[in-house]
>>> print(open('target09.tsv').read())   # TSV, C-alpha atoms
chain	number	residue	atom	x	y	z
A	1	MET	CA	50.79	-85.74	110.68
A	2	ALA	CA	53.45	-87.53	112.65
A	3	GLY	CA	55.81	-86.16	115.25
A	4	LYS	CA	56.05	-85.30	118.88
A	5	ILE	CA	55.15	-82.15	120.77
A	6	ILE	CA	58.26	-80.29	121.89
A	7	ALA	CA	57.54	-78.21	125.00
A	8	LEU	CA	60.19	-75.77	126.22
A	9	VAL	CA	60.16	-75.21	129.99
A	10	ASP	CA	62.43	-72.75	131.78
A	11	GLY	CA	60.97	-72.45	135.27
A	12	SER	CA	59.25	-69.14	134.45
A	13	ILE	CA	55.65	-68.30	135.28
A	14	TYR	CA	54.70	-69.52	131.79
A	15	SER	CA	56.13	-73.04	132.24
A	16	GLU	CA	52.99	-74.50	133.81
A	17	SER	CA	50.88	-73.08	130.99
A	18	VAL	CA	53.29	-74.55	128.42
A	19	CYS	CA	52.82	-77.97	130.05
A	20	ASP	CA	49.02	-77.62	130.17
A	21	HIS	CA	48.83	-76.61	126.51
A	22	ALA	CA	51.22	-79.37	125.45
A	23	ALA	CA	49.02	-81.89	127.27
A	24	TRP	CA	45.91	-80.49	125.58
A	25	ILE	CA	47.55	-80.81	122.14
A	26	SER	CA	48.65	-84.35	123.00
A	27	GLN	CA	45.16	-85.41	124.02
A	28	ARG	CA	43.68	-84.14	120.75
A	29	THR	CA	46.42	-85.46	118.45
A	30	ASN	CA	47.55	-88.57	120.35
A	31	ALA	CA	51.15	-87.35	120.00
A	32	PRO	CA	53.87	-87.89	122.63
A	33	VAL	CA	55.28	-84.94	124.58
A	34	GLU	CA	58.98	-84.19	124.95
A	35	LEU	CA	59.81	-81.67	127.67
A	36	ILE	CA	63.06	-79.79	127.12
A	37	HIS	CA	65.02	-77.50	129.41
A	38	VAL	CA	68.06	-75.82	127.94
A	39	LEU	CA	70.93	-74.70	130.14
A	40	GLY	CA	72.13	-71.62	128.31
A	41	ARG	CA	75.72	-70.50	128.15
A	42	ARG	CA	74.97	-67.83	130.76
A	43	ASP	CA	73.97	-70.58	133.19
A	44	VAL	CA	77.34	-72.32	132.93
A	45	PRO	CA	80.20	-70.84	134.99
A	46	GLN	CA	82.83	-69.11	132.87
A	47	LYS	CA	86.50	-69.61	133.49
A	48	GLN	CA	87.99	-66.52	135.05
A	49	ASP	CA	91.39	-65.80	136.53
A	50	LEU	CA	90.59	-63.92	139.73
A	51	SER	CA	93.93	-64.59	141.35
A	52	GLY	CA	95.57	-61.34	140.30
A	53	SER	CA	99.26	-61.23	141.27
A	54	ILE	CA	99.02	-63.67	144.20
A	55	ARG	CA	102.27	-65.61	144.55
A	56	LEU	CA	103.48	-68.97	145.78
A	57	GLY	CA	101.09	-71.60	147.19
A	58	ALA	CA	98.28	-69.14	147.96
A	59	ARG	CA	97.66	-68.70	144.24
A	60	THR	CA	97.37	-72.42	143.67
A	61	LYS	CA	95.02	-72.86	146.60
A	62	LEU	CA	92.80	-69.98	145.47
A	63	MET	CA	92.57	-71.43	141.96
A	64	GLU	CA	91.59	-74.78	143.41
A	65	GLU	CA	88.87	-73.16	145.53
A	66	LEU	CA	87.54	-71.20	142.55
A	67	ALA	CA	87.46	-74.35	140.45
A	68	GLU	CA	85.54	-76.12	143.20
A	69	LEU	CA	83.03	-73.28	143.42
A	70	ASP	CA	82.53	-73.41	139.65
A	71	ALA	CA	81.94	-77.16	139.82
A	72	GLN	CA	79.42	-76.74	142.64
A	73	ARG	CA	77.55	-74.03	140.77
A	74	ALA	CA	77.43	-76.09	137.59
A	75	LYS	CA	76.05	-79.01	139.58
A	76	LEU	CA	73.37	-76.83	141.19
A	77	VAL	CA	72.32	-75.41	137.83
A	78	SER	CA	72.04	-78.93	136.45
A	79	HIS	CA	70.01	-80.08	139.48
A	80	ARG	CA	67.68	-77.10	139.06
A	81	GLY	CA	67.16	-77.97	135.39
A	82	ARG	CA	66.28	-81.57	136.25
A	83	ALA	CA	63.89	-80.37	138.98
A	84	ILE	CA	62.13	-78.11	136.45
A	85	LEU	CA	61.76	-81.07	134.09
A	86	GLU	CA	60.41	-83.33	136.81
A	87	ASP	CA	57.83	-80.73	137.85
A	88	ALA	CA	56.84	-80.35	134.19
A	89	ARG	CA	56.53	-84.11	133.75
A	90	THR	CA	54.22	-84.27	136.77
A	91	ILE	CA	51.90	-81.63	135.27
A	92	VAL	CA	51.72	-83.35	131.87
A	93	ASP	CA	51.32	-86.80	133.42
A	94	ARG	CA	48.54	-85.57	135.68
A	95	ALA	CA	46.70	-84.36	132.56
A	96	GLY	CA	46.59	-87.93	131.28
A	97	VAL	CA	49.39	-87.98	128.70
A	98	ASN	CA	50.83	-91.48	128.42
A	99	GLU	CA	54.07	-90.94	126.52
A	100	ILE	CA	56.35	-88.29	128.08
A	101	THR	CA	60.10	-87.86	127.72
A	102	THR	CA	62.39	-85.22	129.24
A	103	ARG	CA	65.64	-83.87	127.95
A	104	LEU	CA	68.20	-81.56	129.59
A	105	ARG	CA	70.26	-79.75	126.97
A	106	HIS	CA	73.30	-77.49	127.16
A	107	GLY	CA	74.02	-74.56	124.88
A	108	ASP	CA	71.79	-72.36	122.73
A	109	VAL	CA	68.04	-73.03	122.67
A	110	VAL	CA	67.72	-72.30	118.93
A	111	GLU	CA	70.52	-74.73	118.13
A	112	ALA	CA	68.87	-77.33	120.36
A	113	ILE	CA	65.55	-76.90	118.53
A	114	SER	CA	67.15	-77.08	115.09
A	115	GLU	CA	68.73	-80.42	115.96
A	116	ILE	CA	65.47	-82.10	116.99
A	117	GLU	CA	62.62	-80.31	115.23
A	118	ASP	CA	62.56	-82.74	112.29
A	119	ASP	CA	60.82	-85.17	114.65
A	120	ALA	CA	58.35	-82.55	115.91
A	121	ARG	CA	54.82	-81.62	114.88
A	122	VAL	CA	54.76	-78.43	116.95
A	123	ILE	CA	56.98	-76.42	119.30
A	124	VAL	CA	55.28	-75.06	122.43
A	125	ILE	CA	56.88	-72.09	124.16
A	126	GLY	CA	55.78	-69.42	126.64
A	127	LYS	CA	55.19	-65.87	125.52
A	128	ARG	CA	57.88	-64.64	127.86
A	129	GLY	CA	60.80	-66.37	129.50
A	130	GLU	CA	62.23	-66.22	132.98
A	131	ALA	CA	64.22	-63.04	132.29
A	132	ALA	CA	61.54	-61.10	130.36
A	133	ASP	CA	60.44	-57.69	131.51
A	134	PHE	CA	56.73	-58.01	132.35
A	135	ALA	CA	56.34	-54.32	133.10
A	136	LYS	CA	57.33	-53.36	129.54
A	137	GLY	CA	55.46	-56.23	127.92
A	138	HIS	CA	58.54	-57.53	126.16
A	139	LEU	CA	58.38	-60.82	124.33
A	140	GLY	CA	60.97	-63.39	125.26
A	141	SER	CA	64.06	-63.06	123.05
A	142	ASN	CA	64.16	-66.83	122.56
A	143	LEU	CA	60.57	-66.80	121.28
A	144	GLU	CA	61.43	-64.36	118.50
A	145	ARG	CA	64.58	-66.28	117.58
A	146	ILE	CA	62.71	-69.58	117.46
A	147	VAL	CA	59.93	-68.15	115.28
A	148	ARG	CA	62.54	-66.80	112.86
A	149	THR	CA	64.28	-70.15	112.44
A	150	ALA	CA	61.82	-72.98	113.19
A	151	HIS	CA	60.33	-74.97	110.33
A	152	ARG	CA	57.49	-76.35	112.45
A	153	PRO	CA	54.46	-74.48	113.80
A	154	VAL	CA	55.26	-72.53	116.97
A	155	PHE	CA	52.50	-72.60	119.59
A	156	VAL	CA	52.90	-69.57	121.88
A	157	ALA	CA	51.19	-70.41	125.16
A	158	SER	CA	49.25	-67.75	127.03
A	159	ARG	CA	49.90	-67.13	130.70
A	160	ALA	CA	47.19	-69.51	131.87
A	161	PHE	CA	45.46	-72.45	130.18
A	162	LYS	CA	41.76	-72.27	129.32
A	163	PRO	CA	39.77	-74.82	127.31
A	164	ILE	CA	39.86	-73.88	123.61
A	165	GLU	CA	36.73	-74.13	121.48
A	166	THR	CA	37.04	-71.29	118.96
A	167	VAL	CA	39.85	-70.34	116.57
A	168	LEU	CA	40.52	-67.10	114.72
A	169	LEU	CA	42.60	-67.64	111.58
A	170	ALA	CA	44.21	-64.36	110.49
A	171	TYR	CA	44.43	-64.61	106.69
A	172	ASP	CA	46.21	-62.20	104.36
A	173	GLY	CA	46.66	-64.41	101.30
A	174	GLY	CA	50.41	-64.76	101.82
A	175	HIS	CA	52.41	-67.98	101.74
A	176	SER	CA	52.50	-68.48	105.50
A	177	ALA	CA	48.75	-67.75	105.79
A	178	ILE	CA	47.97	-70.35	103.11
A	179	LYS	CA	50.21	-72.75	105.01
A	180	ALA	CA	48.22	-72.00	108.17
A	181	VAL	CA	44.96	-72.93	106.40
A	182	ASP	CA	46.50	-76.20	105.24
A	183	HIS	CA	47.76	-76.90	108.76
A	184	ILE	CA	44.30	-76.44	110.27
A	185	ALA	CA	42.77	-78.65	107.57
A	186	ARG	CA	45.26	-81.48	108.16
A	187	SER	CA	45.75	-81.47	111.92
A	188	PRO	CA	43.40	-83.36	114.26
A	189	LEU	CA	44.10	-80.60	116.79
A	190	PHE	CA	41.41	-78.45	115.14
A	191	ALA	CA	38.76	-81.12	114.65
A	192	GLY	CA	35.47	-79.98	116.17
A	193	LEU	CA	36.67	-76.45	116.87
A	194	ALA	CA	34.79	-73.45	115.47
A	195	VAL	CA	37.04	-71.62	112.98
A	196	THR	CA	36.61	-68.07	111.67
A	197	VAL	CA	38.85	-66.88	108.82
A	198	VAL	CA	39.43	-63.14	109.04
A	199	THR	CA	41.06	-60.72	106.61
A	200	VAL	CA	41.72	-57.07	107.43
A	201	GLY	CA	41.47	-54.85	104.36
A	202	SER	CA	39.09	-54.03	101.54
A	203	GLN	CA	36.56	-56.46	100.09
A	204	THR	CA	38.23	-56.73	96.70
A	205	PRO	CA	37.52	-59.64	94.35
A	206	GLN	CA	40.97	-61.00	95.17
A	207	VAL	CA	40.29	-60.90	98.91
A	208	LYS	CA	36.88	-62.56	98.47
A	209	LYS	CA	38.40	-65.30	96.33
A	210	GLY	CA	41.17	-65.91	98.87
A	211	LEU	CA	38.66	-66.29	101.69
A	212	ALA	CA	36.43	-68.54	99.56
A	213	ASP	CA	39.41	-70.76	98.69
A	214	ALA	CA	40.42	-71.01	102.37
A	215	GLN	CA	36.84	-71.80	103.35
A	216	ALA	CA	36.58	-74.49	100.67
A	217	LEU	CA	39.83	-76.16	101.75
A	218	LEU	CA	38.66	-76.26	105.35
A	219	LYS	CA	35.21	-77.55	104.36
A	220	ALA	CA	36.84	-80.40	102.43
A	221	ALA	CA	38.56	-81.34	105.70
A	222	GLY	CA	35.26	-81.36	107.56
A	223	ILE	CA	35.61	-77.89	109.11
A	224	ASP	CA	32.74	-75.45	108.49
A	225	ALA	CA	34.52	-72.12	108.78
A	226	ASP	CA	33.01	-68.65	108.78
A	227	THR	CA	34.74	-65.80	106.95
A	228	ARG	CA	34.92	-62.11	107.72
A	229	VAL	CA	36.52	-58.96	106.31
A	230	LEU	CA	37.40	-56.10	108.67
A	231	SER	CA	38.64	-52.62	107.86
A	232	GLY	CA	41.42	-50.87	109.73
A	233	GLN	CA	44.85	-51.84	111.01
A	234	PRO	CA	45.35	-55.62	111.32
A	235	GLU	CA	47.00	-55.62	114.76
A	236	THR	CA	44.27	-53.35	116.19
A	237	GLU	CA	41.23	-54.97	114.61
A	238	LEU	CA	42.31	-58.57	115.10
A	239	GLY	CA	43.21	-57.95	118.74
A	240	LYS	CA	39.87	-56.23	119.33
A	241	LEU	CA	37.98	-59.11	117.71
A	242	VAL	CA	39.74	-61.70	119.86
A	243	GLU	CA	38.94	-59.72	122.99
A	244	GLU	CA	35.31	-58.87	122.17
A	245	GLU	CA	34.23	-62.28	120.86
A	246	GLY	CA	36.31	-64.42	123.19
A	247	PHE	CA	38.25	-66.49	120.67
A	248	GLY	CA	40.24	-69.22	122.38
A	249	MET	CA	43.20	-69.29	119.98
A	250	VAL	CA	44.71	-67.35	117.08
A	251	VAL	CA	46.44	-68.96	114.10
A	252	MET	CA	48.44	-66.78	111.73
A	253	GLY	CA	51.45	-66.61	109.46
A	254	ALA	CA	54.59	-65.29	111.09
A	255	TYR	CA	55.24	-62.98	108.13
A	256	GLY	CA	52.84	-60.90	106.05
A	257	HIS	CA	53.01	-61.41	102.29
A	258	SER	CA	53.68	-57.73	101.63
A	259	ARG	CA	56.46	-57.42	104.20
A	260	ILE	CA	60.11	-57.88	103.34
A	261	ARG	CA	61.34	-60.66	105.57
A	262	SER	CA	63.91	-59.33	107.99
A	263	LEU	CA	65.53	-60.20	111.28
A	264	VAL	CA	62.37	-59.39	113.17
A	265	ILE	CA	59.02	-61.09	112.76
A	266	GLY	CA	56.26	-59.06	111.16
A	267	SER	CA	54.96	-56.15	113.20
A	268	THR	CA	51.36	-57.41	113.13
A	269	THR	CA	52.52	-60.81	114.35
A	270	THR	CA	54.63	-59.31	117.12
A	271	GLU	CA	51.79	-57.11	118.33
A	272	MET	CA	49.28	-59.99	118.25
A	273	VAL	CA	51.55	-62.23	120.31
A	274	ARG	CA	52.28	-59.40	122.74
A	275	SER	CA	48.70	-58.25	123.26
A	276	CYS	CA	46.56	-61.39	122.94
A	277	LYS	CA	45.69	-63.16	126.16
A	278	VAL	CA	45.10	-66.41	124.27
A	279	PRO	CA	47.54	-68.82	122.59
A	280	VAL	CA	48.88	-67.84	119.16
A	281	VAL	CA	50.04	-70.45	116.65
A	282	LEU	CA	52.60	-69.08	114.18
A	283	MET	CA	53.36	-70.56	110.79
A	284	ARG	CA	56.38	-69.68	108.66
>>> encode(input="target09.tsv", output="structure tokens")
Amino acid sequence: MAGKIIALVDGSIYSESVCDHAAWISQRTNAPVELIHVLGRRDVPQKQDLSGSIRLGARTKLMEELAELDAQRAKLVSHRGRAILEDARTIVDRAGVNEITTRLRHGDVVEAISEIEDDARVIVIGKRGEAADFAKGHLGSNLERIVRTAHRPVFVASRAFKPIETVLLAYDGGHSAIKAVDHIARSPLFAGLAVTVVTVGSQTPQVKKGLADAQALLKAAGIDADTRVLSGQPETELGKLVEEEGFGMVVMGAYGHSRIRSLVIGSTTTEMVRSCKVPVVLMR
């Protein structure tokens, strides 16, 4: 599986974790890391006429001063973005990654991703961005938008990096879940990790067959996976399992097979990303 690791850094508390996880992925896959900081439209000064009804030369001078202030602010925002990228590069370089590039982009983060993701193997992003409300546990708005539109796996970094040895694969038999199994089987990222495939529901013949098929595909790739069926609500039971058994990472489809795809990612997915204290890899 070719491609680079795209890591989105915004200067938030999650940026260091994004860098650490990107470096970890790079070390296991031997893929280069590209660090990207996007200057959103809100960061760029907007043209405003604040001169009111000022007459004669005073109006011209005021407009010149406002233009100069806008230029200074734009320059500071750009300098801040480059400083964020340099700090990120230092973290990734310190972790032993040999091939690192940085890119400062202007505009919308989703548009930026769509333009470059064809060359990517995975997109790494923090659970919450700089402007997220920690008290209410909100997910970053850019995270949800990227998951809706990205065609590559989205690796949602937890707040702090911890070595990952165990993986919970949430499996519901849907298209994105099958894609997640295939991704684990093909990617060197998961080599040597202990994988458990978990379905929440009843132990019907169809469920048993789905788990057996997933297990067989992983075994063919050299991964001896355990399987498990839990009863209850997926978001509750999966979250409890991750917490109680200390799984290091969750892999799941972004959409459930029984859910009509809409403008928001599936409720189980959203709750898992919000509540899990470990990274979550989402597949569309």
>>> residues_around(input="target09.tsv", residues="Ala160 in chain A", least_positions_apart="5", cutoff="9 Å", atoms="only C-alpha atoms", output="VMD selection string")
chain A and resid 14 16 to 18 20 277 to 278
>>> residues_around(input="target09.tsv", residues="range 210-217 of chain A", least_positions_apart="5", cutoff="8 Å", atoms="all atoms listed in the file", output="MDAnalysis selection string")
chainID A and resid 171 173 178 181:182 185 197 199 224:227
>>> closest_residue(input="target09.tsv", among="A:Arg73, A:Lys162, A:Arg152, A:Lys219", to="Leu282 in chain A", atoms="only C-alpha atoms")
A:Arg152
>>> atom_distance(input="target09.tsv", atom1="CA of Ser176 in chain A", atom2="CA of His151 in chain A")
11.3 Å
>>> atom_distance(input="target09.tsv", atom1="CA of Ala170 in chain A", atom2="CA of Val198 in chain A")
5.1 Å
>>> atom_distance(input="target09.tsv", atom1="CA of Pro234 in chain A", atom2="CA of Thr268 in chain A")
6.5 Å
>>> closest_residue(input="target09.tsv", among="A:Leu218, A:Ile146, A:Val109, A:Ala191", to="Met283 in chain A", atoms="all atoms listed in the file")
A:Ile146
>>> residues_around(input="target09.tsv", residues="Gly192 in chain A", least_positions_apart="4", cutoff="12 Å", atoms="only C-alpha atoms", output="short mmCIF file (atom, residue, chain, number, x, y, z; two decimals) with C-alpha atoms, in the coordinates of the input")
data_model
loop_
_atom_site.label_atom_id
_atom_site.label_comp_id
_atom_site.auth_asym_id
_atom_site.auth_seq_id
_atom_site.Cartn_x
_atom_site.Cartn_y
_atom_site.Cartn_z
CA ARG A 28 43.68 -84.14 120.75
CA ILE A 164 39.86 -73.88 123.61
CA GLU A 165 36.73 -74.13 121.48
CA THR A 166 37.04 -71.29 118.96
CA VAL A 167 39.85 -70.34 116.57
CA ILE A 184 44.30 -76.44 110.27
CA ALA A 185 42.77 -78.65 107.57
CA SER A 187 45.75 -81.47 111.92
CA PRO A 188 43.40 -83.36 114.26
CA LEU A 218 38.66 -76.26 105.35
CA ALA A 221 38.56 -81.34 105.70
CA GLY A 222 35.26 -81.36 107.56
CA ILE A 223 35.61 -77.89 109.11
CA ASP A 224 32.74 -75.45 108.49
CA ALA A 225 34.52 -72.12 108.78
#
